[in-house]
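J.: What follows is work_28.cif, mmCIF, C-alpha atoms and all ligand atoms.
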data_run
#
loop_
_atom_site.label_atom_id
_atom_site.label_comp_id
_atom_site.auth_asym_id
_atom_site.auth_seq_id
_atom_site.Cartn_x
_atom_site.Cartn_y
_atom_site.Cartn_z
CA MET A 102 -182.28 71.78 92.68
CA ASN A 103 -178.91 70.36 93.72
CA SER A 104 -178.02 67.57 91.23
CA PHE A 105 -175.58 64.96 92.55
CA THR A 106 -174.20 61.43 92.32
CA LEU A 107 -173.32 59.38 95.40
CA SER A 108 -170.67 56.72 94.84
CA PRO A 109 -171.26 53.13 96.05
CA ILE A 110 -170.58 52.38 99.72
CA PRO A 111 -168.95 49.07 100.74
CA GLU A 112 -170.93 46.65 102.86
CA ILE A 113 -170.53 47.88 106.45
CA LEU A 114 -170.60 45.59 109.49
CA PHE A 115 -170.78 47.63 112.67
CA GLY A 116 -170.75 46.68 116.33
CA ALA A 117 -168.69 45.43 119.26
CA GLY A 118 -167.36 41.95 118.50
CA ARG A 119 -168.05 42.10 114.75
CA LEU A 120 -164.46 40.94 114.06
CA ALA A 121 -166.02 37.50 114.54
CA ASP A 122 -167.72 37.95 111.15
CA LEU A 123 -164.40 38.12 109.31
CA GLY A 124 -164.40 34.38 108.54
CA GLY A 125 -167.88 34.39 107.01
CA LYS A 126 -167.14 37.44 104.92
CA ALA A 127 -163.81 35.99 103.73
CA GLU A 128 -165.60 32.83 102.65
CA GLY A 129 -168.23 34.82 100.78
CA LEU A 130 -165.62 36.82 98.88
CA GLY A 131 -162.74 34.36 98.38
CA GLY A 132 -164.40 30.94 98.66
CA LYS A 133 -164.03 28.27 101.32
CA GLY A 134 -160.45 27.80 102.52
CA ALA A 135 -159.01 30.43 100.15
CA HIS A 136 -155.58 31.68 101.17
CA VAL A 137 -155.70 35.10 102.85
CA LEU A 138 -153.11 37.86 102.94
CA LEU A 139 -153.48 39.85 106.16
CA VAL A 140 -151.86 43.30 105.97
CA ALA A 141 -151.65 44.35 109.60
CA ASP A 142 -150.19 47.37 111.36
CA PRO A 143 -147.14 45.96 113.24
CA ALA A 144 -148.21 47.71 116.46
CA LEU A 145 -151.30 45.47 116.65
CA ARG A 146 -149.27 42.30 117.21
CA GLY A 147 -148.33 43.32 120.77
CA LEU A 148 -151.91 44.37 121.51
CA GLY A 149 -153.11 40.88 120.58
CA ILE A 150 -155.33 42.22 117.77
CA THR A 151 -153.44 40.59 114.89
CA GLY A 152 -153.61 37.28 116.78
CA ARG A 153 -157.36 37.66 117.25
CA ALA A 154 -157.90 38.25 113.53
CA LEU A 155 -155.74 35.25 112.64
CA ASP A 156 -157.70 33.12 115.16
CA VAL A 157 -161.02 34.12 113.61
CA LEU A 158 -159.68 33.20 110.18
CA ALA A 159 -158.20 29.89 111.39
CA ARG A 160 -161.47 28.88 113.07
CA ALA A 161 -163.24 29.49 109.77
CA GLY A 162 -160.72 27.25 107.98
CA PHE A 163 -158.50 29.90 106.41
CA GLU A 164 -154.74 29.85 106.24
CA ALA A 165 -153.21 33.30 106.16
CA SER A 166 -149.92 34.92 105.29
CA THR A 167 -149.25 38.07 107.27
CA TYR A 168 -147.52 41.21 106.05
CA GLU A 169 -146.61 43.60 108.86
CA ASP A 170 -143.14 44.69 107.88
CA PHE A 171 -143.87 48.39 107.44
CA LYS A 172 -143.66 51.56 109.46
CA GLY A 173 -145.55 54.82 109.21
CA GLU A 174 -147.19 55.84 105.97
CA PRO A 175 -147.19 53.36 103.06
CA ARG A 176 -144.14 53.30 100.80
CA GLN A 177 -143.98 51.83 97.34
CA PRO A 178 -141.42 49.09 98.22
CA ASP A 179 -143.66 47.92 101.10
CA ILE A 180 -146.68 47.64 98.83
CA ASP A 181 -144.66 45.79 96.18
CA GLN A 182 -143.26 43.39 98.78
CA ALA A 183 -146.72 42.63 100.16
CA ALA A 184 -148.06 42.09 96.63
CA GLU A 185 -145.25 39.62 96.02
CA ILE A 186 -146.27 37.69 99.15
CA ALA A 187 -149.87 37.67 97.91
CA ARG A 188 -148.74 36.23 94.56
CA THR A 189 -146.39 33.56 95.93
CA SER A 190 -148.91 32.47 98.60
CA LYS A 191 -151.66 32.45 95.96
CA SER A 192 -153.81 34.61 98.20
CA LYS A 193 -157.38 35.01 96.97
CA ILE A 194 -158.33 37.76 99.37
CA VAL A 195 -156.63 40.68 101.15
CA VAL A 196 -157.58 41.79 104.65
CA GLY A 197 -156.33 45.20 105.86
CA LEU A 198 -156.16 45.62 109.63
CA GLY A 199 -154.99 48.89 111.17
CA GLY A 200 -155.10 52.64 110.61
CA GLY A 201 -155.14 54.38 107.25
CA SER A 202 -151.63 53.18 106.37
CA ALA A 203 -152.47 49.47 106.65
CA LEU A 204 -155.77 49.93 104.82
CA ASP A 205 -154.29 52.03 102.00
CA THR A 206 -151.57 49.40 101.59
CA ALA A 207 -154.06 46.51 101.50
CA LYS A 208 -156.20 48.27 98.90
CA LEU A 209 -153.29 48.75 96.50
CA VAL A 210 -151.79 45.31 97.21
CA ALA A 211 -155.06 43.74 96.01
CA CYS A 212 -154.49 45.48 92.66
CA CYS A 213 -150.72 44.98 92.33
CA ALA A 214 -150.96 41.27 93.26
CA VAL A 215 -153.15 40.67 90.21
CA SER A 216 -151.51 42.99 87.69
CA GLY A 217 -147.89 42.25 88.61
CA LEU A 218 -147.13 45.97 88.27
CA ASP A 219 -145.33 48.08 90.86
CA ALA A 220 -147.48 50.40 92.97
CA SER A 221 -145.84 53.36 91.22
CA ALA A 222 -147.64 52.39 88.00
CA TYR A 223 -150.88 53.59 89.62
CA ALA A 224 -149.54 56.85 91.04
CA LEU A 225 -151.70 59.79 89.94
CA CYS A 226 -153.81 57.44 87.79
CA ALA A 227 -150.94 56.86 85.33
CA THR A 228 -152.22 53.31 84.61
CA PRO A 229 -155.83 52.07 84.89
CA LEU A 230 -156.37 49.87 87.96
CA PRO A 231 -157.09 46.19 87.20
CA LYS A 232 -160.78 45.30 87.02
CA ASN A 233 -160.15 41.85 88.55
CA ARG A 234 -158.28 42.88 91.70
CA LEU A 235 -158.46 40.60 94.75
CA PRO A 236 -161.40 41.15 97.12
CA VAL A 237 -160.61 43.40 100.10
CA ILE A 238 -161.94 43.44 103.65
CA ALA A 239 -160.93 46.57 105.57
CA ILE A 240 -160.88 46.58 109.37
CA PRO A 241 -159.96 49.99 110.82
CA THR A 242 -158.40 50.07 114.29
CA THR A 243 -158.34 53.86 114.57
CA ALA A 244 -161.22 56.27 114.12
CA GLY A 245 -159.69 58.67 111.65
CA THR A 246 -159.08 58.24 107.96
CA GLY A 247 -162.24 56.48 106.82
CA SER A 248 -160.02 54.65 104.32
CA GLU A 249 -162.27 51.58 104.70
CA VAL A 250 -164.86 53.24 102.47
CA THR A 251 -162.80 55.40 100.09
CA ARG A 252 -161.33 54.83 96.64
CA VAL A 253 -157.97 56.37 97.34
CA SER A 254 -154.62 55.08 98.54
CA VAL A 255 -151.90 57.51 99.54
CA PHE A 256 -148.30 56.31 99.45
CA ALA A 257 -144.75 57.53 99.02
CA ASP A 258 -143.18 56.66 95.67
CA ALA A 259 -139.61 55.45 95.18
CA SER A 260 -138.28 59.02 95.49
CA LYS A 261 -140.29 59.40 98.74
CA VAL A 262 -142.74 61.87 97.22
CA LYS A 263 -146.29 61.52 98.55
CA VAL A 264 -148.59 60.41 95.72
CA TRP A 265 -152.06 58.91 95.47
CA ALA A 266 -153.83 56.23 93.48
CA TRP A 267 -157.54 56.64 92.86
CA GLY A 268 -160.33 54.55 91.39
CA GLU A 269 -163.43 52.51 92.15
CA GLU A 270 -161.25 49.37 92.17
CA LEU A 271 -159.52 50.61 95.33
CA LYS A 272 -162.73 50.72 97.34
CA PRO A 273 -162.91 47.75 99.76
CA ASP A 274 -165.73 45.22 99.38
CA VAL A 275 -166.47 45.01 103.09
CA ALA A 276 -165.69 47.29 106.05
CA ILE A 277 -165.79 45.71 109.51
CA LEU A 278 -166.18 48.38 112.20
CA ASP A 279 -165.54 46.77 115.57
CA PRO A 280 -165.03 49.40 118.30
CA GLU A 281 -163.42 46.80 120.60
CA LEU A 282 -160.36 47.03 118.33
CA THR A 283 -159.95 50.75 119.06
CA VAL A 284 -159.97 50.75 122.89
CA GLY A 285 -156.17 50.44 123.05
CA VAL A 286 -155.56 53.65 121.08
CA PRO A 287 -153.84 56.20 123.38
CA PRO A 288 -155.56 59.55 124.11
CA HIS A 289 -153.31 61.78 121.98
CA ILE A 290 -153.84 59.57 118.92
CA THR A 291 -157.57 59.30 119.62
CA ALA A 292 -157.68 63.11 119.70
CA ALA A 293 -155.63 63.67 116.53
CA THR A 294 -157.31 60.97 114.41
CA GLY A 295 -160.74 61.97 115.71
CA LEU A 296 -160.17 65.59 114.69
CA ASP A 297 -159.05 64.44 111.24
CA ALA A 298 -162.32 62.52 110.87
CA LEU A 299 -164.32 65.53 112.05
CA VAL A 300 -162.55 67.81 109.57
CA HIS A 301 -163.27 65.34 106.74
CA ALA A 302 -166.96 65.65 107.51
CA ILE A 303 -166.91 69.44 107.95
CA GLU A 304 -164.96 70.07 104.75
CA ALA A 305 -167.03 67.64 102.65
CA CYS A 306 -170.31 69.36 103.59
CA THR A 307 -169.07 72.95 103.27
CA ASN A 308 -166.76 73.00 100.25
CA LYS A 309 -167.68 73.93 96.66
CA HIS A 310 -168.47 70.27 95.78
CA ARG A 311 -170.88 69.59 98.64
CA ASN A 312 -174.29 68.11 97.89
CA ASP A 313 -177.50 67.38 99.76
CA GLY A 314 -177.09 63.59 99.58
CA ASN A 315 -173.58 63.56 100.98
CA ASP A 316 -174.52 66.07 103.69
CA LEU A 317 -176.54 63.31 105.34
CA TYR A 318 -173.36 61.34 106.13
CA CYS A 319 -171.31 64.43 106.98
CA HIS A 320 -173.82 65.89 109.40
CA LYS A 321 -174.26 62.54 111.15
CA ALA A 322 -170.47 62.18 111.36
CA ILE A 323 -170.18 65.68 112.86
CA SER A 324 -172.80 65.00 115.52
CA LEU A 325 -171.35 61.58 116.42
CA ILE A 326 -167.79 62.87 116.68
CA SER A 327 -168.53 66.15 118.43
CA ALA A 328 -170.61 64.36 121.07
CA ASN A 329 -168.07 61.59 121.70
CA LEU A 330 -164.52 62.77 121.01
CA GLU A 331 -163.87 64.17 124.49
CA ARG A 332 -165.41 61.05 126.07
CA ALA A 333 -163.22 58.70 124.00
CA VAL A 334 -160.09 60.72 124.86
CA LYS A 335 -160.81 60.83 128.60
CA ASP A 336 -162.09 57.26 128.97
CA PRO A 337 -160.41 55.04 126.36
CA ASP A 338 -162.51 52.03 127.46
CA ASP A 339 -165.84 53.75 126.82
CA ILE A 340 -167.05 51.36 124.14
CA GLU A 341 -170.14 53.45 123.28
CA ALA A 342 -167.96 56.51 122.63
CA ARG A 343 -165.48 54.38 120.68
CA GLY A 344 -168.31 53.01 118.56
CA ALA A 345 -169.66 56.47 117.82
CA MET A 346 -166.17 57.67 116.82
CA LEU A 347 -165.62 54.69 114.52
CA LEU A 348 -168.96 55.17 112.81
CA GLY A 349 -168.39 58.92 112.60
CA SER A 350 -165.01 58.39 110.98
CA CYS A 351 -166.53 55.93 108.49
CA TYR A 352 -169.25 58.45 107.58
CA GLY A 353 -166.58 61.14 107.27
CA GLY A 354 -164.78 58.79 104.85
CA ILE A 355 -167.97 58.52 102.78
CA GLY A 356 -168.09 62.32 102.93
CA ILE A 357 -164.64 62.85 101.41
CA ASP A 358 -165.08 59.97 98.98
CA ASN A 359 -167.94 61.93 97.42
CA CYS A 360 -167.00 65.56 97.90
CA GLY A 361 -163.31 65.80 98.90
CA THR A 362 -161.71 68.16 101.39
CA ALA A 363 -160.70 71.84 101.44
CA LEU A 364 -158.38 74.42 103.03
CA ALA A 365 -157.55 72.58 106.29
CA HIS A 366 -156.24 69.63 104.26
CA ASN A 367 -154.50 72.02 101.87
CA ILE A 368 -152.57 73.35 104.89
CA SER A 369 -151.85 69.95 106.45
CA HIS A 370 -150.56 68.58 103.13
CA ALA A 371 -148.37 71.69 102.75
CA VAL A 372 -147.13 71.20 106.32
CA ALA A 373 -146.24 67.59 105.49
CA ASP A 374 -143.68 68.93 102.97
CA LEU A 375 -141.97 70.90 105.74
CA ALA A 376 -142.16 69.05 109.07
CA PRO A 377 -143.12 65.62 110.38
CA ILE A 378 -146.34 66.59 112.18
CA ALA A 379 -149.05 63.92 112.49
CA HIS A 380 -151.69 64.39 109.78
CA GLY A 381 -154.59 64.41 112.24
CA ARG A 382 -153.12 67.07 114.50
CA ALA A 383 -151.96 69.26 111.60
CA THR A 384 -155.39 69.04 109.96
CA GLY A 385 -157.31 69.63 113.18
CA LEU A 386 -155.20 72.71 113.96
CA ALA A 387 -155.43 74.00 110.39
CA MET A 388 -159.22 73.94 110.73
CA LEU A 389 -158.95 75.69 114.09
CA ALA A 390 -156.89 78.49 112.51
CA THR A 391 -159.10 78.99 109.47
CA ILE A 392 -162.71 77.96 110.20
CA GLY A 393 -163.79 81.52 111.01
CA TRP A 394 -162.34 82.83 107.75
CA VAL A 395 -163.59 79.99 105.54
CA SER A 396 -167.11 80.01 106.99
CA GLU A 397 -167.70 83.48 105.55
CA GLY A 398 -167.63 81.83 102.11
CA ASN A 399 -170.70 79.71 102.85
CA PRO A 400 -172.37 80.79 106.10
CA GLY A 401 -175.41 78.57 105.45
CA ALA A 402 -173.33 75.38 105.24
CA PHE A 403 -171.48 76.31 108.43
CA THR A 404 -174.75 77.05 110.23
CA ARG A 405 -175.74 73.45 109.42
CA VAL A 406 -172.37 72.27 110.78
CA ALA A 407 -173.07 74.19 113.98
CA ALA A 408 -176.51 72.60 114.24
CA ALA A 409 -174.95 69.14 113.87
CA MET A 410 -172.66 70.07 116.77
CA GLY A 411 -175.64 71.20 118.84
CA ALA A 412 -174.38 74.79 118.74
CA SER A 413 -175.16 78.08 117.05
CA ASP A 414 -171.61 79.03 115.98
CA ALA A 415 -169.48 76.38 114.25
CA ALA A 416 -166.16 78.18 114.78
CA LYS A 417 -166.73 78.62 118.51
CA ALA A 418 -168.01 75.06 118.96
CA TYR A 419 -165.06 73.66 117.03
CA ASP A 420 -162.59 75.71 119.08
CA ARG A 421 -164.15 74.46 122.33
CA LEU A 422 -164.08 70.84 121.13
CA VAL A 423 -160.42 70.94 120.02
CA ARG A 424 -159.31 72.41 123.33
CA SER A 425 -161.36 69.85 125.29
CA THR A 426 -159.17 67.06 123.88
CA GLY A 427 -156.01 68.48 125.47
CA ILE A 428 -154.18 68.32 122.12
CA LYS A 429 -151.10 70.55 121.92
CA ILE A 430 -152.21 73.68 120.06
CA ALA A 431 -149.07 75.80 119.65
CA LEU A 432 -146.65 74.63 116.96
CA ASP A 433 -143.39 75.56 118.66
CA GLY A 434 -140.93 72.67 118.72
CA ASP A 435 -142.69 70.87 115.86
CA GLY A 436 -140.00 71.58 113.27
CA LEU A 437 -141.77 74.43 111.44
CA ASP A 438 -140.30 77.91 110.98
CA LEU A 439 -143.06 79.84 112.75
CA GLY A 440 -141.76 83.15 111.47
CA ASN A 441 -142.00 82.17 107.81
CA PRO A 442 -145.65 82.06 106.70
CA LYS A 443 -144.52 82.84 103.14
CA LEU A 444 -142.80 79.46 102.84
CA LEU A 445 -145.86 77.58 104.07
CA ALA A 446 -148.05 79.64 101.71
CA GLU A 447 -145.81 78.67 98.78
CA HIS A 448 -146.47 75.01 99.54
CA MET A 449 -150.19 75.73 99.95
CA ALA A 450 -150.10 77.16 96.42
CA SER A 451 -148.32 74.15 94.90
CA PRO A 452 -150.01 72.29 92.01
CA ALA A 453 -150.46 69.17 94.18
CA ASN A 454 -152.35 71.16 96.82
CA ASN A 455 -154.27 73.36 94.41
CA PRO A 456 -157.46 71.22 94.21
CA MET A 457 -158.00 71.64 97.98
CA ARG A 458 -157.45 75.40 97.68
CA LYS A 459 -159.90 75.65 94.79
CA SER A 460 -162.62 73.59 96.47
CA THR A 461 -162.63 75.75 99.62
CA ALA A 462 -165.91 77.60 100.24
CA ARG A 463 -164.01 80.90 100.19
CA TYR A 464 -161.19 81.06 97.64
CA PRO A 465 -157.95 82.35 99.18
CA SER A 466 -155.88 84.74 97.04
CA ASP A 467 -152.08 84.47 97.14
CA ALA A 468 -151.95 87.26 99.75
CA GLU A 469 -154.66 85.54 101.78
CA LEU A 470 -152.70 82.26 101.73
CA ILE A 471 -149.89 84.05 103.58
CA GLU A 472 -152.35 85.53 106.06
CA LEU A 473 -153.95 82.09 106.66
CA ALA A 474 -150.54 80.45 107.00
CA GLU A 475 -149.69 83.04 109.62
CA ARG A 476 -152.91 82.33 111.53
CA PHE A 477 -151.93 78.65 111.59
CA LEU A 478 -148.31 79.20 112.63
CA THR A 479 -149.26 81.57 115.45
CA LEU A 480 -151.96 79.37 117.01
CA ALA A 481 -151.91 79.47 120.78
FE FE B 501 -157.44 63.82 106.66
#
In structure tokens, what does this structure look like?

T.:
Amino acid sequence: MNSFTLSPIPEILFGAGRLADLGGKAEGLGGKGAHVLLVADPALRGLGITGRALDVLARAGFEASTYEDFKGEPRQPDIDQAAEIARTSKSKIVVGLGGGSALDTAKLVACCAVSGLDASAYALCATPLPKNRLPVIAIPTTAGTGSEVTRVSVFADASKVKVWAWGEELKPDVAILDPELTVGVPPHITAATGLDALVHAIEACTNKHRNDGNDLYCHKAISLISANLERAVKDPDDIEARGAMLLGSCYGGIGIDNCGTALAHNISHAVADLAPIAHGRATGLAMLATIGWVSEGNPGAFTRVAAAMGASDAAKAYDRLVRSTGIKIALDGDGLDLGNPKLLAEHMASPANNPMRKSTARYPSDAELIELAERFLTLA
């Protein structure tokens, strides 16, 4: 018998137009008329999405301060600045609106605002997270990270090193999944973030930590994403496909929250040390390069992945799906030294990336890391 524990899942509101429920949920968590800090991806202002969220809050009687002065992945000074705004505005609730960066920021801001500590205090679990953090509502606008249901925040510390904070306190109280907010995402980002979500689900149900309970979410995520990714890329306004992607990415988030990732994320994290390649694309391509090799470590789990994709061979089905998105496969011109697999392998073997190496269904030796790095760098 496979013994396991599933961690709690935030309340999930799913459906087109569910942004309208933000006011009611804010009232339930922060009280009537409580001040709100909205942490919003700056790109959403021009798309009218930040304005829509603020309107919903205003109609429900909430005043809000907005923090949108950040770019790319969260950095410690951004989180500290947002926490300062939360304190001075006496915010009682934090709403994160955007991709993984905005959500990861909001989750940590809710902790830092209460404790008064810098975000760096929580890097690598150095300090326990506060038990009384502000309530958090997470509203993803990309179908990718699943951060709305996970207890991790990734950010760059003061010396720009990528670190993570982890704990139950970081898990949002409510996730609002409204596919209408994702229709403006351009095809290449839909493809990259969608592949990231798919890889979350595949890795969480095939790695050494997988369990039967978590497989339920992973397999559903895999079937939702594999049936809808190409549709969402080719027709950005297809609200049914957008909804399936958003739900799939949320279920993939539940997947990694319980069982973590594996070799494809080991490679994409190693790549992040060397070149500025988008996480979703790097991860999707790392899976493409290694799925055949890894699947030999647990053929049964990969047969179930294939079944969730409606196929008999997971590696072939995954290859077909990746290519159907039109994502650029070859890594020339991306800033990596394609002739130096040894360097990439060294980063794959680093202590920070070791847990993802160890959890992989088939453990790669040092020599095999070089071979796998080479497979990745020579993708075509
Ligand atoms: Fe990822």

J.: Select, from A:Leu348, A:Val196, A:Ala292, A:Ala203, the residue with the minimum atom-to-atom distance to Asp142 of chain A, counting all atoms listed in the file.

T.: A:Ala203

J.: From the options A:Leu282, A:Cys212, A:Ile378, A:Ala383, which residue's atoms come nearest to Gly434 of chain A, counting only C-alpha atoms?

T.: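 Under the stated criterion, the closest residue is A:Ile378.
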
J.: Kindly compile the residues surrounding ligand FE 501 (chain B) within 10 Å, counting all atoms listed in the file, and format them as a count of residues only.

T.: 31

J.: If you measure from atom CA of Ile428 of chain A to atom CA of Ala333 of chain A, what distance in Å do you get, rounded to one decimal?

T.: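 Answer for the atom CA of Ile428 of chain A to atom CA of Ala333 of chain A separation: 13.3 Å.
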
J.: Rounded to one decimal in Å, what is the spacing between atom CA of Glu164 of chain A and atom CA of Gly134 of chain A?

T.: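 It comes out at 7.1 Å.
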
J.: Between atom CA of Ser327 of chain A and atom CA of Thr283 of chain A, what is the distance in Å, rounded to a tenth?

T.: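 Calculated distance between atom CA of Ser327 of chain A and atom CA of Thr283 of chain A is 17.6 Å.
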
J.: Which residues of segment 328-401 of chain A come within 9 Å of segment 414-423 of chain A, and what is each one's closest atom pair and distance in Å (one decimal), counting all atoms listed in the file, sorted by chain and residue number, as JSON lines?

T.:
{"residue": "A:Leu330", "atom": "CA", "partner": "A:Leu422", "partner_atom": "CA", "distance": 8.1}
{"residue": "A:Glu331", "atom": "CA", "partner": "A:Leu422", "partner_atom": "CA", "distance": 7.5}
{"residue": "A:Gly385", "atom": "CA", "partner": "A:Val423", "partner_atom": "CA", "distance": 7.6}
{"residue": "A:Leu386", "atom": "CA", "partner": "A:Val423", "partner_atom": "CA", "distance": 8.2}
{"residue": "A:Met388", "atom": "CA", "partner": "A:Tyr419", "partner_atom": "CA", "distance": 8.6}
{"residue": "A:Leu389", "atom": "CA", "partner": "A:Asp420", "partner_atom": "CA", "distance": 6.2}
{"residue": "A:Thr391", "atom": "CA", "partner": "A:Ala416", "partner_atom": "CA", "distance": 8.9}
{"residue": "A:Ile392", "atom": "CA", "partner": "A:Ala416", "partner_atom": "CA", "distance": 5.7}
{"residue": "A:Gly393", "atom": "CA", "partner": "A:Ala416", "partner_atom": "CA", "distance": 5.6}
{"residue": "A:Ser396", "atom": "CA", "partner": "A:Ala416", "partner_atom": "CA", "distance": 8.1}

J.: Name the residues in contact with Leu148 of chain A at a cut-off of 12 Å, using only C-alpha atoms, excluding same-chain residues fewer than 5 positions from it; report them as a list in words.

T.: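 Using only C-alpha atoms, the neighbours found are Ala141, Asp142, Pro143, Arg153, Ala154, Gly199, Thr242, Glu281, Leu282, Thr283, Val284, Gly285 and Val286 of chain A.
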
J.: Could you please take those selected residues and save C-alpha atoms as a compact mmCIF listing (two decimals), in the frame of the given file?

T.:
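Here's the written file result-v2.txt:
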# COMPACT_ATOMS: atom_id res chain seq x y z
CA ALA A 141 -151.65 44.35 109.60
CA ASP A 142 -150.19 47.37 111.36
CA PRO A 143 -147.14 45.96 113.24
CA ARG A 153 -157.36 37.66 117.25
CA ALA A 154 -157.90 38.25 113.53
CA GLY A 199 -154.99 48.89 111.17
CA THR A 242 -158.40 50.07 114.29
CA GLU A 281 -163.42 46.80 120.60
CA LEU A 282 -160.36 47.03 118.33
CA THR A 283 -159.95 50.75 119.06
CA VAL A 284 -159.97 50.75 122.89
CA GLY A 285 -156.17 50.44 123.05
CA VAL A 286 -155.56 53.65 121.08

J.: Hey, which of A:Leu432, A:Ala222, A:Ile110, A:Ala305 ends up closest to Trp267 of chain A? Count only C-alpha atoms.

T.: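 Residue with the minimum atom-to-atom distance to Trp267 of chain A: A:Ala222.
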
J.: Using all atoms listed in the file, which of A:Lys272, A:Arg332, A:Lys191, A:Lys263 sits nearest Ala453 of chain A?

T.: A:Lys263

J.: Of the residues A:Leu317, A:Leu375, A:Ile150, A:Ala431, which is the one nearest to Ile240 of chain A, using all atoms listed in the file?

T.: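 Checking each candidate against Ile240 of chain A, we get A:Ile150 as the closest.
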
J.: List as CSV every residue of segment 124-152 of chain A that is in contact with segment 230-238 of chain A, defined as an atom at most 9 Å from one of its atoms (using only C-alpha atoms), together with the nearest atom pair and the distance in Å rounded to one decimal, sorted by chain and then rising number.

T.:
residue,atom,partner,partner_atom,distance
A:Lys126,CA,A:Ile238,CA,8.0
A:Ala127,CA,A:Ile238,CA,7.7
A:Leu130,CA,A:Pro236,CA,6.3
A:Gly131,CA,A:Pro236,CA,7.0

J.: I want to know what sits within 7 Å of Asn359 of chain A, based on only C-alpha atoms, with residues of the same chain fewer than 2 positions away left out; could you give that as JSON, numbers by chain?

T.: {"A": [107, 108, 315, 355, 356, 357, 361]}
